[in-house]
Every structure is written in structure tokens, then in C-alpha cells.
>>> print(open('query10.txt').read())   # compact mmCIF, C-alpha atoms
# COMPACT_ATOMS: atom_id res chain seq x y z
CA MET A 131 30.54 208.56 -126.73
CA ALA A 132 32.38 207.64 -123.57
CA LEU A 133 34.72 210.29 -122.29
CA ASP A 134 37.50 207.89 -121.51
CA GLY A 135 40.15 208.47 -124.19
CA THR A 136 40.73 204.79 -124.91
CA ASP A 137 37.04 204.07 -125.32
CA ALA A 138 36.65 207.08 -127.55
CA THR A 139 39.21 205.80 -130.06
CA VAL A 140 38.03 202.20 -129.89
CA GLN A 141 34.40 203.21 -130.48
CA ASP A 142 35.38 205.53 -133.32
CA PRO A 143 37.87 203.58 -135.41
CA LEU A 144 39.31 204.65 -138.73
CA VAL A 145 39.12 202.02 -141.47
CA ILE A 146 41.42 202.27 -144.48
CA GLY A 147 41.76 199.56 -147.09
CA GLY A 148 39.96 197.11 -144.81
CA LYS A 149 42.35 197.76 -141.92
CA THR A 150 40.96 199.10 -138.65
CA LEU A 151 43.10 201.74 -136.95
CA THR A 152 42.53 203.06 -133.46
CA SER A 153 44.95 205.97 -133.95
CA ARG A 154 44.30 208.79 -136.38
CA PHE A 155 47.93 209.90 -136.27
CA PHE A 156 50.17 208.95 -139.21
CA LEU A 157 53.76 209.71 -138.33
CA GLY A 158 56.77 210.21 -140.57
CA THR A 159 60.19 208.80 -139.77
CA GLY A 160 62.51 211.43 -141.25
CA ARG A 161 64.77 214.08 -139.71
CA TYR A 162 64.67 213.14 -136.01
CA PRO A 163 67.77 214.10 -134.01
CA ASN A 164 68.57 210.42 -133.33
CA PRO A 165 66.94 206.94 -133.34
CA TYR A 166 66.23 207.04 -129.61
CA VAL A 167 64.20 210.24 -129.83
CA GLN A 168 62.44 208.88 -132.90
CA ASN A 169 61.41 205.69 -131.12
CA GLU A 170 60.20 207.61 -128.09
CA ALA A 171 58.18 209.98 -130.30
CA ILE A 172 56.62 207.04 -132.12
CA ARG A 173 55.80 205.31 -128.86
CA ILE A 174 54.15 208.30 -127.20
CA SER A 175 52.30 209.30 -130.38
CA GLU A 176 50.54 205.91 -130.38
CA ALA A 177 50.68 206.14 -134.18
CA GLU A 178 50.01 202.86 -135.94
CA VAL A 179 50.88 204.01 -139.44
CA LEU A 180 54.49 205.01 -140.13
CA THR A 181 55.76 206.50 -143.36
CA PHE A 182 59.10 205.87 -145.06
CA ALA A 183 60.92 206.75 -148.24
CA ILE A 184 62.73 204.47 -150.69
CA ARG A 185 66.25 205.39 -151.72
CA ARG A 186 69.26 203.85 -153.38
CA ILE A 187 71.62 202.21 -150.91
CA ASN A 188 74.85 204.12 -150.41
CA LEU A 189 77.21 201.31 -151.33
CA ASP A 190 80.20 203.13 -149.86
CA GLU A 191 78.53 202.90 -146.44
CA PRO A 192 75.77 200.30 -146.74
CA GLU A 193 75.13 200.18 -143.00
CA ASP A 194 74.42 203.84 -142.48
CA ASP A 195 70.77 204.77 -142.63
CA ALA A 196 68.43 201.85 -143.20
CA ILE A 197 65.60 203.12 -141.05
CA LEU A 198 64.18 199.76 -140.10
CA HIS A 199 67.32 198.87 -138.18
CA HIS A 200 66.41 201.46 -135.62
CA LEU A 201 62.73 200.76 -135.11
CA ASP A 202 61.34 198.95 -132.14
CA PHE A 203 59.23 196.41 -133.96
CA LYS A 204 55.56 196.29 -133.22
CA PRO A 205 52.68 195.68 -135.56
CA PHE A 206 52.86 198.99 -137.40
CA THR A 207 51.26 199.54 -140.74
CA TYR A 208 54.03 200.66 -143.06
CA LEU A 209 53.25 203.39 -145.55
CA PRO A 210 56.18 203.86 -147.92
CA ASN A 211 56.05 206.97 -150.08
CA THR A 212 57.13 207.59 -153.65
CA SER A 213 59.04 210.77 -152.85
CA GLY A 214 61.66 211.57 -155.43
CA ALA A 215 59.26 210.71 -158.25
CA SER A 216 58.30 213.45 -160.68
CA THR A 217 56.17 211.32 -163.00
CA ALA A 218 53.52 208.63 -162.59
CA GLU A 219 55.91 206.08 -164.11
CA GLU A 220 58.61 206.84 -161.53
CA ALA A 221 56.07 206.63 -158.72
CA VAL A 222 54.77 203.27 -159.98
CA ARG A 223 58.33 201.95 -160.16
CA ILE A 224 59.06 202.99 -156.57
CA ALA A 225 55.74 201.56 -155.39
CA ARG A 226 56.50 198.19 -156.96
CA MET A 227 59.92 198.17 -155.29
CA ALA A 228 58.32 198.99 -151.95
CA ARG A 229 55.84 196.16 -152.28
CA ALA A 230 58.55 193.72 -153.36
CA SER A 231 60.15 194.25 -149.93
CA GLY A 232 57.28 192.23 -148.49
CA LEU A 233 56.72 194.88 -145.85
CA SER A 234 53.49 196.44 -147.09
CA ASP A 235 51.18 196.92 -150.04
CA TRP A 236 50.19 200.38 -148.85
CA ILE A 237 51.69 203.22 -150.84
CA LYS A 238 51.64 206.97 -150.41
CA VAL A 239 51.76 208.45 -153.91
CA GLU A 240 53.92 211.55 -153.71
CA ILE A 241 54.89 213.14 -157.01
CA SER A 242 56.51 216.54 -156.83
CA ALA A 243 56.65 218.80 -159.82
CA ASN A 244 58.53 221.73 -158.30
CA GLU A 245 61.70 221.58 -156.21
CA ARG A 246 60.99 224.80 -154.34
CA THR A 247 57.41 224.10 -153.23
CA LEU A 248 57.38 220.28 -153.49
CA LEU A 249 53.72 220.71 -154.39
CA PRO A 250 52.19 217.56 -155.84
CA ASP A 251 51.62 217.22 -159.58
CA PRO A 252 47.88 216.57 -159.68
CA LEU A 253 47.72 214.97 -163.13
CA GLU A 254 50.60 212.57 -162.54
CA THR A 255 49.22 211.77 -159.07
CA LEU A 256 45.84 210.86 -160.54
CA ARG A 257 47.47 208.69 -163.20
CA ALA A 258 49.68 206.87 -160.69
CA THR A 259 46.71 206.31 -158.37
CA GLU A 260 44.72 204.68 -161.20
CA ILE A 261 47.59 202.38 -162.15
CA LEU A 262 48.49 201.35 -158.59
CA ALA A 263 44.90 200.82 -157.50
CA SER A 264 44.40 198.54 -160.52
CA GLU A 265 47.50 196.59 -159.43
CA GLY A 266 45.97 195.96 -156.02
CA PHE A 267 47.91 198.46 -153.93
CA THR A 268 46.23 200.29 -151.06
CA VAL A 269 46.81 203.76 -152.46
CA LEU A 270 46.92 206.93 -150.37
CA PRO A 271 47.74 209.84 -152.67
CA TYR A 272 49.24 213.04 -151.28
CA THR A 273 47.55 215.76 -153.29
CA SER A 274 46.53 219.39 -153.59
CA ASP A 275 43.62 220.62 -151.48
CA ASP A 276 41.28 220.78 -154.47
CA PRO A 277 37.82 219.30 -153.82
CA ILE A 278 37.25 218.10 -157.39
CA LEU A 279 40.69 216.55 -157.63
CA CYS A 280 40.21 214.75 -154.32
CA LYS A 281 36.93 213.33 -155.64
CA ARG A 282 38.67 212.18 -158.82
CA LEU A 283 41.33 210.40 -156.78
CA GLU A 284 38.62 208.64 -154.78
CA GLU A 285 36.96 207.52 -158.03
CA ALA A 286 40.35 206.33 -159.31
CA GLY A 287 40.52 203.87 -156.43
CA ALA A 288 42.33 205.71 -153.62
CA ALA A 289 41.76 204.02 -150.25
CA ALA A 290 42.16 207.42 -148.58
CA VAL A 291 42.94 210.84 -149.99
CA MET A 292 45.60 213.04 -148.39
CA PRO A 293 45.31 216.73 -149.25
CA GLY A 294 48.09 218.99 -148.05
CA GLY A 295 47.38 221.82 -145.61
CA ALA A 296 50.40 223.75 -146.92
CA PRO A 297 53.66 222.83 -148.69
CA ILE A 298 55.71 220.06 -147.04
CA GLY A 299 57.75 221.14 -144.04
CA THR A 300 56.51 224.76 -144.04
CA GLY A 301 54.44 224.57 -140.84
CA LEU A 302 52.08 227.17 -142.33
CA GLY A 303 48.99 225.26 -141.21
CA ILE A 304 45.79 224.88 -143.20
CA LEU A 305 45.97 227.57 -145.87
CA ASN A 306 42.50 226.85 -147.25
CA PRO A 307 40.15 225.60 -144.54
CA TYR A 308 37.16 226.25 -146.80
CA ASN A 309 38.47 223.79 -149.38
CA LEU A 310 39.32 221.21 -146.75
CA GLY A 311 35.79 221.45 -145.36
CA LEU A 312 34.35 220.84 -148.84
CA ILE A 313 36.70 217.91 -149.45
CA VAL A 314 35.57 216.26 -146.22
CA GLU A 315 31.89 216.87 -146.96
CA GLU A 316 32.11 215.22 -150.38
CA ALA A 317 34.39 212.32 -149.51
CA LYS A 318 33.34 208.68 -149.27
CA VAL A 319 36.87 207.57 -148.32
CA PRO A 320 38.90 208.84 -145.35
CA ILE A 321 40.58 212.22 -145.71
CA ILE A 322 44.01 212.50 -144.10
CA VAL A 323 45.55 215.97 -143.95
CA ASP A 324 49.13 215.49 -145.04
CA ALA A 325 51.86 218.11 -144.93
CA GLY A 326 52.20 221.72 -143.92
CA LEU A 327 50.93 221.52 -140.36
CA GLY A 328 53.02 223.22 -137.69
CA SER A 329 51.48 222.95 -134.26
CA ALA A 330 48.75 221.33 -132.19
CA ALA A 331 46.41 224.20 -133.11
CA ASP A 332 46.71 223.30 -136.81
CA VAL A 333 46.04 219.65 -136.04
CA ALA A 334 42.95 220.42 -133.94
CA GLN A 335 41.68 222.66 -136.74
CA ALA A 336 42.11 219.89 -139.32
CA MET A 337 40.23 217.44 -137.15
CA GLU A 338 37.47 219.96 -136.33
CA LEU A 339 37.00 220.48 -140.06
CA GLY A 340 36.20 216.77 -140.22
CA ALA A 341 39.47 215.29 -141.40
CA ASP A 342 39.74 211.60 -140.50
CA GLY A 343 43.39 211.86 -139.53
CA VAL A 344 46.64 213.73 -140.03
CA LEU A 345 50.05 212.75 -141.34
CA MET A 346 53.00 214.69 -139.94
CA ASN A 347 56.74 214.45 -139.90
CA THR A 348 58.67 217.73 -139.72
CA PRO A 349 56.57 219.46 -137.01
CA VAL A 350 57.32 216.56 -134.67
CA ALA A 351 60.84 215.62 -135.75
CA LYS A 352 62.16 219.19 -135.85
CA ALA A 353 60.38 220.48 -132.74
CA VAL A 354 62.71 221.54 -129.92
CA ASP A 355 61.37 218.53 -127.98
CA PRO A 356 60.08 216.00 -130.53
CA VAL A 357 58.74 213.56 -127.93
CA GLN A 358 56.73 216.23 -126.14
CA MET A 359 55.44 217.52 -129.47
CA ALA A 360 54.42 214.01 -130.54
CA TYR A 361 52.31 213.80 -127.39
CA ALA A 362 50.84 217.27 -127.96
CA MET A 363 49.85 216.28 -131.50
CA LYS A 364 48.24 213.06 -130.30
CA LEU A 365 46.14 214.99 -127.78
CA ALA A 366 45.23 217.60 -130.40
CA ILE A 367 44.05 214.90 -132.79
CA GLU A 368 41.84 213.41 -130.08
CA ALA A 369 40.59 216.81 -128.92
CA GLY A 370 39.84 217.95 -132.47
CA ARG A 371 38.09 214.71 -133.33
CA LEU A 372 35.92 214.81 -130.21
CA SER A 373 35.11 218.47 -130.84
CA TYR A 374 34.06 217.62 -134.41
CA LEU A 375 31.86 214.76 -133.24
CA ALA A 376 30.40 216.77 -130.37
CA GLY A 377 29.26 219.53 -132.75
CA ARG A 378 30.46 223.04 -132.09
CA ILE A 379 28.13 226.00 -131.54
CA PRO A 380 27.46 228.23 -134.53
CA LYS A 381 29.45 231.47 -134.64
CA ARG A 382 27.42 234.61 -133.87
CA LYS A 383 28.18 238.27 -134.25
CA TYR A 384 26.79 239.37 -130.87
CA ALA A 385 26.82 238.08 -127.32
CA THR A 386 24.38 235.63 -125.81
CA ALA A 387 24.46 235.42 -122.01
CA SER A 388 25.38 232.06 -120.64
CA SER A 389 23.07 232.28 -117.60
CA GLY A 390 19.67 232.80 -119.21
CA TYR A 391 16.75 233.47 -116.84
CA ASP A 392 16.59 237.04 -118.22
CA GLU A 393 13.37 237.92 -116.37
CA TRP A 394 14.97 236.95 -113.04
CA LYS A 395 17.90 239.33 -113.21
CA VAL A 396 18.59 241.04 -109.85
CA LYS A 397 18.21 244.76 -110.35
CA GLY A 398 16.35 248.00 -109.43
CA MET B 150 82.26 191.60 -164.04
CA ARG B 151 81.63 195.20 -165.06
CA LEU B 152 78.21 196.31 -163.86
CA ARG B 153 76.39 199.55 -163.32
CA ILE B 154 75.04 199.62 -159.75
CA ASN B 155 72.91 202.51 -158.50
CA GLY B 156 74.03 204.64 -161.39
CA LYS B 157 77.75 204.10 -160.88
CA PRO B 158 80.17 201.75 -162.61
CA ALA B 159 81.25 198.80 -160.45
CA ASP B 160 83.74 196.06 -161.22
CA LEU B 161 83.46 193.06 -158.92
CA GLU B 162 83.67 189.28 -158.69
CA ALA B 163 80.14 188.13 -159.37
CA THR B 164 78.29 185.68 -161.58
CA VAL B 165 74.81 185.74 -159.99
CA LEU B 166 72.95 188.51 -158.20
CA ILE B 167 73.47 187.09 -154.72
CA ASP B 168 77.23 187.58 -155.19
CA VAL B 169 76.63 191.33 -155.40
CA MET B 170 74.60 191.24 -152.20
CA ARG B 171 77.31 189.27 -150.43
CA HIS B 172 79.99 191.65 -151.72
CA TYR B 173 78.25 194.65 -150.16
CA GLY B 174 77.16 192.85 -146.99
CA LEU B 175 73.46 193.18 -147.77
CA LEU B 176 72.30 189.61 -147.31
CA ASP B 177 70.56 190.17 -143.98
CA GLN B 178 69.11 193.56 -144.87
CA LEU B 179 65.75 194.54 -146.28
CA VAL B 180 66.93 195.30 -149.80
CA VAL B 181 65.00 195.34 -153.05
CA ALA B 182 66.89 194.66 -156.27
CA GLU B 183 66.01 195.62 -159.79
CA ILE B 184 67.93 194.59 -162.89
CA ASP B 185 67.41 196.50 -166.11
CA GLY B 186 64.10 197.77 -164.78
CA ARG B 187 62.76 194.42 -163.56
CA ILE B 188 62.39 193.60 -159.86
CA ILE B 189 64.16 190.39 -158.87
CA ASP B 190 62.55 188.59 -155.94
CA ARG B 191 64.88 187.74 -153.09
CA THR B 192 64.23 184.03 -153.69
CA ASP B 193 65.64 184.40 -157.22
CA TRP B 194 68.88 186.20 -156.28
CA GLU B 195 70.82 182.95 -156.22
CA MET B 196 69.75 181.94 -159.72
CA MET B 197 69.83 185.35 -161.38
CA PRO B 198 72.77 185.36 -163.81
CA LEU B 199 74.64 188.58 -164.41
CA VAL B 200 76.03 189.80 -167.71
CA GLU B 201 78.42 192.65 -168.44
CA GLU B 202 76.99 196.16 -168.21
CA MET B 203 73.76 195.14 -166.47
CA ARG B 204 72.07 198.02 -164.69
CA ILE B 205 71.36 197.05 -161.08
CA GLU B 206 69.36 199.13 -158.62
CA LEU B 207 69.61 198.32 -154.92
CA VAL B 208 67.18 200.22 -152.72
CA HIS B 209 66.08 200.24 -149.11
CA PHE B 210 63.81 202.14 -146.74
CA VAL B 211 64.98 205.40 -145.21
CA GLY B 212 63.25 207.91 -142.96
CA GLY B 213 60.60 209.99 -144.67
CA GLY B 214 57.18 211.54 -144.33
>>> encode(input="query10.txt", output="C-alpha cells")
Amino acid sequence: MALDGTDATVQDPLVIGGKTLTSRFFLGTGRYPNPYVQNEAIRISEAEVLTFAIRRINLDEPEDDAILHHLDFKPFTYLPNTSGASTAEEAVRIARMARASGLSDWIKVEISANERTLLPDPLETLRATEILASEGFTVLPYTSDDPILCKRLEEAGAAAVMPGGAPIGTGLGILNPYNLGLIVEEAKVPIIVDAGLGSAADVAQAMELGADGVLMNTPVAKAVDPVQMAYAMKLAIEAGRLSYLAGRIPKRKYATASSGYDEWKVKG
Amino acid sequence: MRLRINGKPADLEATVLIDVMRHYGLLDQLVVAEIDGRIIDRTDWEMMPLVEEMRIELVHFVGGG
């Protein structure tokens, strides 16, 4: 592995649904202070996959918030989500609408069962993943961090599986690193940690656990300086990935001297 | 024509779907339309006849994670 950052990402691409990505950063487009800051954050993040939501147009002010007006166009991969859905049927409906836009056939299945936690409904998520995969979508389900469930989603045709680190927007980090480690070990499709991360430390931890990428929105958009945070997250993803590939030392209870040469110590 | 657009009653001059788009100034925007639960491709907007009380959904992309 070359130590030059560019080489490192080019030599270690992430492939999802037949598409080769050089960035492992999936960035959300909600809640930035303004379009300028959003564009700068996207630019500096070097993210290639951007997420969106689908909503009814406000017909009283149809010009107001169509997100794509504000984006500097470059060849992004668009990942619309099905947020707002609480059943598989609603998610499938939103996914079909998203695809009909002609923008993308990637879909992030996001089905929330509880308003307070926004935790995903695992059964509905599995059902929607089966249906959408059979309809030819590239399906990336946002799901609970349960190893068996993640395996089931893979078997149902998910192109990547996206377990949450913690509930959306909480910034609590990875609540169950043990589970995430198991999910990564078992997976034959990429694992993207989606939701709940707060800082660069959380991101590096996810990547060191072997995650193939991370999806974030709130920790960047609501940071005091979103652009600076986007850059910090990008570096953390690269650092965590390289650390994972490089192979960390095992943890030990007691010290081992870093010099060695014990019989050559200067004493007495 | 009395229609139901995005869950609200709307009364406007329209005979085909593209009239609704023109009315709201949506022709050059990335909009997806659904009528009574069926997606109508943009290329069919001009030919899609409307009848009273049709349920029309007009959606677009907004920021999200």
C-alpha cells in the first residue's frame, strides 16, 4: 500500500452495485446552514455518494427547497432515501418515485417505526429490500446493528448493508462495537455504518472495526464549522481504513518495552 | 377541475397533467408525479387526462441523510 493518500484510495476502491467508488464517505444533504456551506462541505469531503429525501412539493412556495437547485453538479452517485416511510409498501412507493426521476436507481431503505428513536423497523426493512432488489434497484438498507439481520438483508439482495451506530442524529457513536465487528466479519457485501456517529473518533473506530464506509449527515451539517468537520471526517475515514488494513497490535494487560535488547541495558 | 393535490383540495384550470405542472411553475424542475397511486412518466404528462377528484402527488428531492 502506497502511503500517498490518493494512491491509497485508488488501490483500495469500494465497489457497490457494480460501481467503483474511490471515496468511502457517503454524505447527507440535510440541515446545513446554507447552500454555500453545504457545497463547500461536499467538495472538501470528496464524497461521491450523496443522500437525499423525497417529499411532497410545497405548492404554496414551489421554489423553496428543491435541493438539486443548489448543488454544484458533478458526477455524484445519488442515493435517495425512503425516510418518512413506516411500512415496506410506503418505502417501495417512495423508491419507485425516486427512480422515476431518472436520477438514480440506488435507494436507501429507511423505515422508521418509532418517532422518538427513529430506529429502523427490521421486518419491514427486510421486506422492502426483497421487493426492491427483485425490481432491479441497487438497495442499501439502513438497519439495526444485528449481525443476523444484516446477513438476512444481504441474502435478500442488498448491494450494501448499512447498520446504525446509534439512533439518527444522536452523535452517540458506535454503541455496540462488538456487533459491528461481527457484522463486518460475516458480510459478503460492503458494510456502511449509517447514523449515530458524532466525531472523527467515532468514524475512525467504525473504519478500524472493518466497516467499508460511513454515511453521515448531522455531525457534519450541524457542526460549528461544517466544512472543517467534513474535512476531519474524510481524514478519519482514511486514517481508520489504513489502520484497519495495516493491522493493529493486540491489546495486552502489561507493558512491553519498545527498545528490546534487554541483555544490553546500561546498569550496575 | 376539482382535484386533490398533495393531500389538499385544489380547483384549477386543467385538462391534462401538464396543465397542473404549468400552473405551479414546475415544468423545468425535477418533479415526479403520481396519479391515484400510479407514477406518470414525464413524457406522458401532456397526454394524461384529468378527471374530477383525481388524487395527484407531486414530489421532489429535498436535503436528507
>>> closest_residue(input="query10.txt", among="A:Ala183, A:Ile261, A:Ile321, A:Ala336", to="Gly213 (chain B)", atoms="all atoms listed in the file")
A:Ala183
>>> atom_distance(input="query10.txt", atom1="CA of Gly303 (chain A)", atom2="CA of Leu151 (chain A)")
24.6 Å
>>> interface_residues(input="query10.txt", of="chain A", to="chain B", cutoff="6 Å", atoms="only C-alpha atoms", output="list in words")
Gly158, Thr159, Gly160, Thr181, Phe182, Ala183, Ile184, Arg185, Arg186, Ile187, Ala196, Ile197, Ser231 and Asn347 of chain A
>>> axis_aligned_box(input="query10.txt", around="region 189-194 of chain B", padding_each_side="8 Å", output="AutoDock Vina command-line options")
--center_x 65.7 --center_y 187.2 --center_z -156.0 --size_x 22.3 --size_y 22.4 --size_z 21.8
>>> atom_distance(input="query10.txt", atom1="CA of Lys281 (chain A)", atom2="CA of Phe267 (chain A)")
18.6 Å
>>> atom_distance(input="query10.txt", atom1="CA of Leu157 (chain A)", atom2="CA of Lys364 (chain A)")
10.3 Å
